[in-house]
Amino acid sequence: MQADGSIAAVSGDYSVGMGQFSAAAIARAGHLASGLPLASLAGKSVLAGQVHVLVRRLAQHGLLDYRLFSPRDAQDLVVIEPQVAEYWPQRAKLSSSDTIVLSRFAYLRRRGNEMVLESPRAGALFRICDPVVAATLAALSQPQKISKLRKQVPSLNLDLLRLLLDSEMLIKLDTKDRDGLRANEGNRNLVLWDFHDLVFHTRSTEGRHTDPVGGAYAHAGIVPPLPAVRPPWPGKKISLGKFATPDPASSFAKLLRERHSTRDFDDQHPITLTELAQFLDTTARVLSKWKSGADVNGGLEVAYSSRPYPAAGSAYELELYLTVSNCEGLARGLYHYDAGGHALVAIDASAQQLQALSMAAEFAMGASGPPQILITIAARFGRISWKYSAIAYSLILKDVGCMIQTFYLAATDMGLGGCAIGTGNIDLFAKMTGLEFHVEGPVGQFALGRGRKPASLG
């Protein structure tokens with residue numbers, strides 16, 4: 001809090017400006033350290049309005065926790081920790097005649113010395129501070145009518161249930177939906193997800209949690225790094241060196257050895273639209289289509305396609321979205337690659353969103369500038385999970401690996417540069433495309449462009 005009335009949120013070397021406020025608002029904001037009642041933001045006074053603006057700005061950056069406090073017991077019942085930007089607690093409608101049950105995606109686990117309730121569908125996690133709340137959650141593993149539950153748990157906090165319902169930790173059941181809970185939660189796209197797959201997807205990407213992502217070296221002070229090459233097994237060794245040739249045996253072998261990651265691009269001589277068209281034709285376009293009966297009862301007919309890279313069950317669930325920053329002959333923007341028609345289709349996205357996507361890729365690569373073209377590899381998850389159980393998401397990641405190697409080899413063959421990127425923000429992608437994160441979302445990224453030639457010595 002500065003003398004001129006400006007307020008900034010600071011963490012280490014990182015700060016976010018919140019704007020300027022009156023001395024009274026700054027004094028009231030000081031209570032955020034111990035807790036400021038939401039009710040104090042609801043007044044019509046100038047002071048209440050200013051504090052409300054400040055608090056909402058903090059919330060937009062995910063810088064607030066929300067405590068549900070029990071005055072009777074003088075303790076927190078739960079503390080809500082936002083996992084997505086712009087989370088704000090809302091209380092869903094709930095009546096005594098409603099029947100609720102825990103979402104099959106909700107799970108209670110130990111985090112350090114705390115218990116937390118989480119779900120990949122929720123915009124926040126709930127830190128459980130009261131054992132009675134934990135016992136109530138256990139009872140909600142089966143459908144419970146609110147009126148009956150209130151008799152069983154006299155201290156039941158309806159506000160908590162409303163918050164959990166809004167966060168999709170709880171689901172409300174219709175009278176006719178008491179059986180087949182999986183089919184009744186959300187829509188048919190959620191039915192196709194196994195629990196562990198959706199958790200894996202949301203926790204191994206950015207956008208729907210606040211845990212550190214990427215090269216954090218979290219265990220560097222605890223466990224030494226493993227050697228680059230595994231120590232040999234004991235036993236008789238058969239040397240293969242005498243069978244090898246000094247030069248690559250074929251142009252393909254030479255291509256494999258020349259493949260490398262390129263992180264810096266020559267923006268004075270960017271990739272051209274012609275080169276991009278050739279790259280996509282080589283790596284991703286549909287080569288043929290056919291239909292076949294599925295191996296299930298009912299004689300369903302399933303459509304298939306063939307493309308230049310292998311895919312599990314010939315599902316070819318992967319889709320390409322291109323964020324173009326610098327391509328000769330192609331305007332900046334977001335495009336979907338229509339693999340069937342070998343065409344690019346423009347998608348309306350804001351300049352701010354495009355910049356956020358490119359800057360994140362630049363940061364992830366440790367590059368000196370954004371990639372000329374950022375290829376986001378998205379998956380139509382239902383295309384795989386309709387058939388495969390327990391292994392659906394792992395198959396998608398295997399397919400991504402095949403596609404990225406195909407990208408690398410094609411780029412190397414064309415004299416272009418490329419680099420695989422290990423992170424991606426699934427929430428940002430959802431906002432840019434309007435697609436729900438569990439329907440179609442990022443599973444990989446690849447930077448493409450004309451590599452910058454190293455500076456000559458002398």
# chains A, B, ... in the order shown; residues from 1 in each chain; ligands from 1

$ residues_around --residues "Ile171 in chain A" --least-positions-apart "5" --cutoff "10 Å" --atoms "only C-alpha atoms" --output "number ranges by chain"
A: 99-104, 143, 164-166, 181, 184-186

$ residues_around --residues "Ser96 in chain A" --least-positions-apart "3" --cutoff "9 Å" --atoms "only C-alpha atoms" --output "PyMOL selection string"
chain A and resi 99+145-148+150

$ write_last_selection --atoms "N, CA, C and O atoms" --output "mmCIF file, in the first residue's frame"
data_model
loop_
_atom_site.group_PDB
_atom_site.id
_atom_site.type_symbol
_atom_site.label_atom_id
_atom_site.label_comp_id
_atom_site.auth_asym_id
_atom_site.auth_seq_id
_atom_site.Cartn_x
_atom_site.Cartn_y
_atom_site.Cartn_z
ATOM 1 N N THR A 99 -32.328 -33.781 -3.738
ATOM 2 C CA THR A 99 -31.444 -34.913 -3.452
ATOM 3 C C THR A 99 -30.095 -34.639 -4.087
ATOM 4 O O THR A 99 -30.013 -34.301 -5.273
ATOM 5 N N LYS A 145 -31.277 -36.976 0.549
ATOM 6 C CA LYS A 145 -32.268 -35.917 0.490
ATOM 7 C C LYS A 145 -31.939 -34.902 1.583
ATOM 8 O O LYS A 145 -31.628 -35.276 2.710
ATOM 9 N N ILE A 146 -31.993 -33.624 1.247
ATOM 10 C CA ILE A 146 -31.572 -32.584 2.183
ATOM 11 C C ILE A 146 -32.346 -32.658 3.501
ATOM 12 O O ILE A 146 -31.759 -32.561 4.587
ATOM 13 N N SER A 147 -33.651 -32.855 3.441
ATOM 14 C CA SER A 147 -34.460 -32.907 4.662
ATOM 15 C C SER A 147 -34.022 -34.046 5.575
ATOM 16 O O SER A 147 -33.944 -33.890 6.804
ATOM 17 N N LYS A 148 -33.685 -35.191 4.997
ATOM 18 C CA LYS A 148 -33.228 -36.341 5.786
ATOM 19 C C LYS A 148 -31.826 -36.097 6.328
ATOM 20 O O LYS A 148 -31.518 -36.426 7.481
ATOM 21 N N ARG A 150 -30.460 -33.267 7.114
ATOM 22 C CA ARG A 150 -30.486 -32.277 8.204
ATOM 23 C C ARG A 150 -30.856 -32.930 9.531
ATOM 24 O O ARG A 150 -30.400 -32.500 10.595
#

$ closest_residue --among "A:Asp264, A:Glu440, A:Asp399, A:Asp338" --to "Pro454 in chain A" --atoms "only C-alpha atoms"
A:Asp264

$ atom_distance --atom1 "CA of Ser385 in chain A" --atom2 "CA of Gly293 in chain A"
17.3 Å

$ closest_residue --among "A:Pro442, A:Gly340, A:Pro154, A:Gly313" --to "Ile377 in chain A" --atoms "only C-alpha atoms"
A:Pro442

$ residues_around --residues "range 129-141 of chain A" --least-positions-apart "6" --cutoff "8 Å" --atoms "only C-alpha atoms" --output "MDAnalysis selection string"
chainID A and resid 76:79 100:102 114:115 153

$ closest_residue --among "A:Tyr66, A:Phe21, A:Phe126, A:Phe381" --to "Tyr316 in chain A" --atoms "only C-alpha atoms"
A:Phe381

$ residues_around --residues "Leu63 in chain A" --least-positions-apart "4" --cutoff "10 Å" --atoms "only C-alpha atoms" --output "number ranges by chain"
A: 9, 55-59, 81-82, 85-87

$ write_last_selection --atoms "all heavy atoms" --output "mmCIF file, in the first residue's frame"
data_model
loop_
_atom_site.group_PDB
_atom_site.id
_atom_site.type_symbol
_atom_site.label_atom_id
_atom_site.label_comp_id
_atom_site.auth_asym_id
_atom_site.auth_seq_id
_atom_site.Cartn_x
_atom_site.Cartn_y
_atom_site.Cartn_z
ATOM 1 N N ALA A 9 -0.376 -6.117 -5.325
ATOM 2 C CA ALA A 9 -0.206 -7.439 -4.712
ATOM 3 C C ALA A 9 1.187 -7.930 -5.099
ATOM 4 O O ALA A 9 1.535 -7.950 -6.280
ATOM 5 C CB ALA A 9 -1.277 -8.400 -5.225
ATOM 6 N N VAL A 55 -11.360 -5.988 -4.132
ATOM 7 C CA VAL A 55 -11.470 -7.422 -3.868
ATOM 8 C C VAL A 55 -11.720 -8.199 -5.159
ATOM 9 O O VAL A 55 -11.136 -9.266 -5.384
ATOM 10 C CB VAL A 55 -12.581 -7.682 -2.827
ATOM 11 C CG1 VAL A 55 -12.901 -9.163 -2.742
ATOM 12 C CG2 VAL A 55 -12.145 -7.163 -1.456
ATOM 13 N N ARG A 56 -12.570 -7.662 -6.048
ATOM 14 C CA ARG A 56 -12.824 -8.358 -7.313
ATOM 15 C C ARG A 56 -11.573 -8.379 -8.191
ATOM 16 O O ARG A 56 -11.330 -9.354 -8.914
ATOM 17 C CB ARG A 56 -13.983 -7.698 -8.058
ATOM 18 C CG ARG A 56 -15.352 -7.868 -7.386
ATOM 19 C CD ARG A 56 -15.682 -9.328 -7.090
ATOM 20 N NE ARG A 56 -15.887 -10.137 -8.251
ATOM 21 C CZ ARG A 56 -17.062 -10.651 -8.634
ATOM 22 N NH1 ARG A 56 -18.159 -10.406 -7.934
ATOM 23 N NH2 ARG A 56 -17.151 -11.410 -9.693
ATOM 24 N N ARG A 57 -10.772 -7.330 -8.138
ATOM 25 C CA ARG A 57 -9.524 -7.342 -8.910
ATOM 26 C C ARG A 57 -8.553 -8.382 -8.367
ATOM 27 O O ARG A 57 -7.867 -9.068 -9.122
ATOM 28 C CB ARG A 57 -8.886 -5.945 -8.889
ATOM 29 C CG ARG A 57 -9.623 -4.932 -9.747
ATOM 30 C CD ARG A 57 -9.019 -3.538 -9.640
ATOM 31 N NE ARG A 57 -9.803 -2.573 -10.428
ATOM 32 C CZ ARG A 57 -9.599 -1.262 -10.423
ATOM 33 N NH1 ARG A 57 -8.637 -0.741 -9.652
ATOM 34 N NH2 ARG A 57 -10.344 -0.460 -11.171
ATOM 35 N N LEU A 58 -8.484 -8.490 -7.051
ATOM 36 C CA LEU A 58 -7.658 -9.541 -6.451
ATOM 37 C C LEU A 58 -8.164 -10.923 -6.858
ATOM 38 O O LEU A 58 -7.375 -11.827 -7.157
ATOM 39 C CB LEU A 58 -7.666 -9.403 -4.930
ATOM 40 C CG LEU A 58 -6.901 -8.212 -4.345
ATOM 41 C CD1 LEU A 58 -7.269 -8.010 -2.885
ATOM 42 C CD2 LEU A 58 -5.395 -8.419 -4.481
ATOM 43 N N ALA A 59 -9.484 -11.085 -6.881
ATOM 44 C CA ALA A 59 -10.075 -12.370 -7.251
ATOM 45 C C ALA A 59 -9.765 -12.737 -8.693
ATOM 46 O O ALA A 59 -9.561 -13.912 -9.020
ATOM 47 C CB ALA A 59 -11.588 -12.334 -7.024
ATOM 48 N N GLU A 81 -9.914 -22.451 -1.823
ATOM 49 C CA GLU A 81 -8.733 -21.970 -2.528
ATOM 50 C C GLU A 81 -9.004 -22.010 -4.034
ATOM 51 O O GLU A 81 -9.118 -23.088 -4.619
ATOM 52 C CB GLU A 81 -7.517 -22.832 -2.199
ATOM 53 C CG GLU A 81 -7.158 -22.866 -0.716
ATOM 54 C CD GLU A 81 -5.965 -23.760 -0.425
ATOM 55 O OE1 GLU A 81 -5.282 -24.167 -1.396
ATOM 56 O OE2 GLU A 81 -5.726 -24.058 0.758
ATOM 57 N N PRO A 82 -9.128 -20.856 -4.699
ATOM 58 C CA PRO A 82 -9.401 -20.833 -6.135
ATOM 59 C C PRO A 82 -8.309 -21.549 -6.930
ATOM 60 O O PRO A 82 -7.126 -21.456 -6.605
ATOM 61 C CB PRO A 82 -9.428 -19.342 -6.468
ATOM 62 C CG PRO A 82 -9.761 -18.667 -5.180
ATOM 63 C CD PRO A 82 -9.099 -19.496 -4.119
ATOM 64 N N ALA A 85 -8.513 -18.662 -12.648
ATOM 65 C CA ALA A 85 -8.602 -17.205 -12.569
ATOM 66 C C ALA A 85 -10.067 -16.782 -12.543
ATOM 67 O O ALA A 85 -10.927 -17.419 -13.151
ATOM 68 C CB ALA A 85 -7.885 -16.577 -13.765
ATOM 69 N N GLU A 86 -10.333 -15.726 -11.803
ATOM 70 C CA GLU A 86 -11.651 -15.095 -11.757
ATOM 71 C C GLU A 86 -12.679 -15.901 -10.968
ATOM 72 O O GLU A 86 -13.880 -15.622 -11.030
ATOM 73 C CB GLU A 86 -12.187 -14.818 -13.170
ATOM 74 C CG GLU A 86 -11.252 -13.932 -14.003
ATOM 75 C CD GLU A 86 -11.762 -13.711 -15.406
ATOM 76 O OE1 GLU A 86 -12.837 -14.227 -15.739
ATOM 77 O OE2 GLU A 86 -11.068 -13.021 -16.165
ATOM 78 N N TYR A 87 -12.231 -16.918 -10.193
ATOM 79 C CA TYR A 87 -13.198 -17.653 -9.362
ATOM 80 C C TYR A 87 -13.819 -16.707 -8.337
ATOM 81 O O TYR A 87 -13.148 -15.862 -7.747
ATOM 82 C CB TYR A 87 -12.523 -18.817 -8.639
ATOM 83 C CG TYR A 87 -13.441 -19.483 -7.625
ATOM 84 C CD1 TYR A 87 -14.341 -20.466 -8.015
ATOM 85 C CD2 TYR A 87 -13.432 -19.084 -6.285
ATOM 86 C CE1 TYR A 87 -15.192 -21.056 -7.092
ATOM 87 C CE2 TYR A 87 -14.291 -19.670 -5.352
ATOM 88 C CZ TYR A 87 -15.166 -20.653 -5.768
ATOM 89 O OH TYR A 87 -16.022 -21.236 -4.847
#

$ select_by_dssp --residues "range 139-291 of chain A" --states "helix (DSSP H, G or I)" --output "ChimeraX atom specification"
/A:139,146-152,158-166,175-177,181-184,188-191,195-203,241-243,251-258,273-283

$ closest_residue --among "A:Pro308, A:Pro71, A:Gly35, A:Gly5" --to "Phe407 in chain A" --atoms "only C-alpha atoms"
A:Pro308

$ closest_residue --among "A:Lys453, A:Arg208, A:Arg257, A:Arg285" --to "Tyr337 in chain A" --atoms "only C-alpha atoms"
A:Arg285

$ select_by_dssp --residues "range 304-363 of chain A" --states "strand (DSSP E)" --output "list of chain:residue names"
A:Tyr304, A:Ser305, A:Ser306, A:Leu318, A:Glu319, A:Leu320, A:Tyr321, A:Leu322, A:Thr323, A:Val324, A:Gly333, A:Leu334, A:Tyr335, A:His336, A:Tyr337, A:Asp338, A:Ala343, A:Leu344, A:Val345, A:Ala346, A:Ile347

$ write_last_selection --atoms "N, CA and C atoms" --output "PDB file, in the first residue's frame"
ATOM      1  N   TYR A 304     -13.599 -44.048 -40.073  1.00  0.00           N
ATOM      2  CA  TYR A 304     -12.167 -44.006 -39.818  1.00  0.00           C
ATOM      3  C   TYR A 304     -11.474 -43.190 -40.898  1.00  0.00           C
ATOM      4  N   SER A 305     -10.224 -42.803 -40.594  1.00  0.00           N
ATOM      5  CA  SER A 305      -9.407 -42.132 -41.598  1.00  0.00           C
ATOM      6  C   SER A 305      -7.970 -42.611 -41.455  1.00  0.00           C
ATOM      7  N   SER A 306      -7.168 -42.309 -42.457  1.00  0.00           N
ATOM      8  CA  SER A 306      -5.743 -42.621 -42.438  1.00  0.00           C
ATOM      9  C   SER A 306      -4.974 -41.323 -42.605  1.00  0.00           C
ATOM     10  N   LEU A 318      -6.681 -36.339 -32.755  1.00  0.00           N
ATOM     11  CA  LEU A 318      -5.931 -35.102 -32.589  1.00  0.00           C
ATOM     12  C   LEU A 318      -6.317 -34.050 -33.633  1.00  0.00           C
ATOM     13  N   GLU A 319      -6.435 -32.804 -33.177  1.00  0.00           N
ATOM     14  CA  GLU A 319      -6.757 -31.663 -34.035  1.00  0.00           C
ATOM     15  C   GLU A 319      -5.680 -30.596 -33.854  1.00  0.00           C
ATOM     16  N   LEU A 320      -5.417 -29.836 -34.900  1.00  0.00           N
ATOM     17  CA  LEU A 320      -4.368 -28.823 -34.865  1.00  0.00           C
ATOM     18  C   LEU A 320      -4.966 -27.423 -34.914  1.00  0.00           C
ATOM     19  N   TYR A 321      -4.513 -26.572 -33.985  1.00  0.00           N
ATOM     20  CA  TYR A 321      -4.901 -25.165 -33.933  1.00  0.00           C
ATOM     21  C   TYR A 321      -3.624 -24.332 -34.023  1.00  0.00           C
ATOM     22  N   LEU A 322      -3.546 -23.439 -34.987  1.00  0.00           N
ATOM     23  CA  LEU A 322      -2.330 -22.697 -35.265  1.00  0.00           C
ATOM     24  C   LEU A 322      -2.464 -21.241 -34.819  1.00  0.00           C
ATOM     25  N   THR A 323      -1.585 -20.834 -33.909  1.00  0.00           N
ATOM     26  CA  THR A 323      -1.487 -19.427 -33.527  1.00  0.00           C
ATOM     27  C   THR A 323      -0.369 -18.825 -34.372  1.00  0.00           C
ATOM     28  N   VAL A 324      -0.739 -18.001 -35.315  1.00  0.00           N
ATOM     29  CA  VAL A 324       0.210 -17.457 -36.289  1.00  0.00           C
ATOM     30  C   VAL A 324       0.651 -16.068 -35.845  1.00  0.00           C
ATOM     31  N   GLY A 333      -3.201 -14.534 -36.306  1.00  0.00           N
ATOM     32  CA  GLY A 333      -4.483 -14.969 -35.786  1.00  0.00           C
ATOM     33  C   GLY A 333      -4.464 -16.434 -35.398  1.00  0.00           C
ATOM     34  N   LEU A 334      -5.638 -16.935 -35.055  1.00  0.00           N
ATOM     35  CA  LEU A 334      -5.825 -18.329 -34.665  1.00  0.00           C
ATOM     36  C   LEU A 334      -6.564 -19.056 -35.771  1.00  0.00           C
ATOM     37  N   TYR A 335      -6.061 -20.242 -36.147  1.00  0.00           N
ATOM     38  CA  TYR A 335      -6.650 -21.021 -37.228  1.00  0.00           C
ATOM     39  C   TYR A 335      -6.796 -22.483 -36.797  1.00  0.00           C
ATOM     40  N   HIS A 336      -7.845 -23.114 -37.295  1.00  0.00           N
ATOM     41  CA  HIS A 336      -7.982 -24.563 -37.165  1.00  0.00           C
ATOM     42  C   HIS A 336      -7.595 -25.207 -38.488  1.00  0.00           C
ATOM     43  N   TYR A 337      -6.808 -26.276 -38.403  1.00  0.00           N
ATOM     44  CA  TYR A 337      -6.435 -26.990 -39.612  1.00  0.00           C
ATOM     45  C   TYR A 337      -7.474 -28.065 -39.905  1.00  0.00           C
ATOM     46  N   ASP A 338      -8.183 -27.896 -41.016  1.00  0.00           N
ATOM     47  CA  ASP A 338      -9.157 -28.878 -41.484  1.00  0.00           C
ATOM     48  C   ASP A 338      -8.387 -29.962 -42.228  1.00  0.00           C
ATOM     49  N   ALA A 343      -7.166 -27.390 -45.322  1.00  0.00           N
ATOM     50  CA  ALA A 343      -7.443 -25.958 -45.359  1.00  0.00           C
ATOM     51  C   ALA A 343      -7.327 -25.385 -43.948  1.00  0.00           C
ATOM     52  N   LEU A 344      -7.095 -24.086 -43.869  1.00  0.00           N
ATOM     53  CA  LEU A 344      -7.064 -23.370 -42.600  1.00  0.00           C
ATOM     54  C   LEU A 344      -8.354 -22.573 -42.445  1.00  0.00           C
ATOM     55  N   VAL A 345      -8.945 -22.634 -41.258  1.00  0.00           N
ATOM     56  CA  VAL A 345     -10.184 -21.909 -40.972  1.00  0.00           C
ATOM     57  C   VAL A 345      -9.917 -20.945 -39.824  1.00  0.00           C
ATOM     58  N   ALA A 346     -10.140 -19.659 -40.061  1.00  0.00           N
ATOM     59  CA  ALA A 346      -9.867 -18.640 -39.051  1.00  0.00           C
ATOM     60  C   ALA A 346     -10.865 -18.732 -37.902  1.00  0.00           C
ATOM     61  N   ILE A 347     -10.371 -18.541 -36.676  1.00  0.00           N
ATOM     62  CA  ILE A 347     -11.186 -18.531 -35.468  1.00  0.00           C
ATOM     63  C   ILE A 347     -11.025 -17.166 -34.810  1.00  0.00           C
TER      64      ILE A 347
END

$ closest_residue --among "A:Ala42, A:Ala92, A:Ala411, A:Leu448" --to "Arg259 in chain A" --atoms "only C-alpha atoms"
A:Ala411

$ residues_around --residues "Gln353 in chain A" --least-positions-apart "4" --cutoff "12 Å" --atoms "only C-alpha atoms" --output "count of residues only"
17

$ residues_around --residues "Ala39 in chain A" --least-positions-apart "2" --cutoff "12 Å" --atoms "only C-alpha atoms" --output "ChimeraX atom specification"
/A:35-37,41-44,48-49,51-52

$ residues_around --residues "Glu168 in chain A" --least-positions-apart "5" --cutoff "9 Å" --atoms "only C-alpha atoms" --output "MDAnalysis selection string"
chainID A and resid 102:103 106 119 121:123 163

$ write_last_selection --atoms "N, CA and C atoms" --output "short mmCIF file (atom, residue, chain, number, x, y, z; two decimals), in the first residue's frame"
data_model
loop_
_atom_site.label_atom_id
_atom_site.label_comp_id
_atom_site.auth_asym_id
_atom_site.auth_seq_id
_atom_site.Cartn_x
_atom_site.Cartn_y
_atom_site.Cartn_z
N LEU A 102 -22.23 -36.70 -3.99
CA LEU A 102 -20.90 -36.26 -4.41
C LEU A 102 -20.68 -36.60 -5.88
N SER A 103 -20.05 -35.69 -6.59
CA SER A 103 -19.62 -35.97 -7.95
C SER A 103 -18.64 -37.14 -7.96
N ALA A 106 -15.08 -35.98 -7.62
CA ALA A 106 -14.61 -35.35 -6.39
C ALA A 106 -13.81 -36.37 -5.57
N SER A 119 -11.73 -31.54 -7.30
CA SER A 119 -12.36 -32.13 -8.48
C SER A 119 -11.82 -31.43 -9.71
N ARG A 121 -13.35 -30.79 -12.26
CA ARG A 121 -14.42 -29.95 -12.79
C ARG A 121 -14.57 -28.64 -12.02
N ALA A 122 -14.04 -28.59 -10.81
CA ALA A 122 -14.28 -27.45 -9.92
C ALA A 122 -13.28 -26.33 -10.17
N GLY A 123 -13.73 -25.10 -9.96
CA GLY A 123 -12.86 -23.94 -10.08
C GLY A 123 -12.10 -23.63 -8.81
N LEU A 163 -22.32 -23.99 -1.83
CA LEU A 163 -21.03 -23.69 -2.44
C LEU A 163 -20.46 -24.91 -3.18
#

$ atom_distance --atom1 "CA of Arg450 in chain A" --atom2 "CA of Leu416 in chain A"
4.9 Å
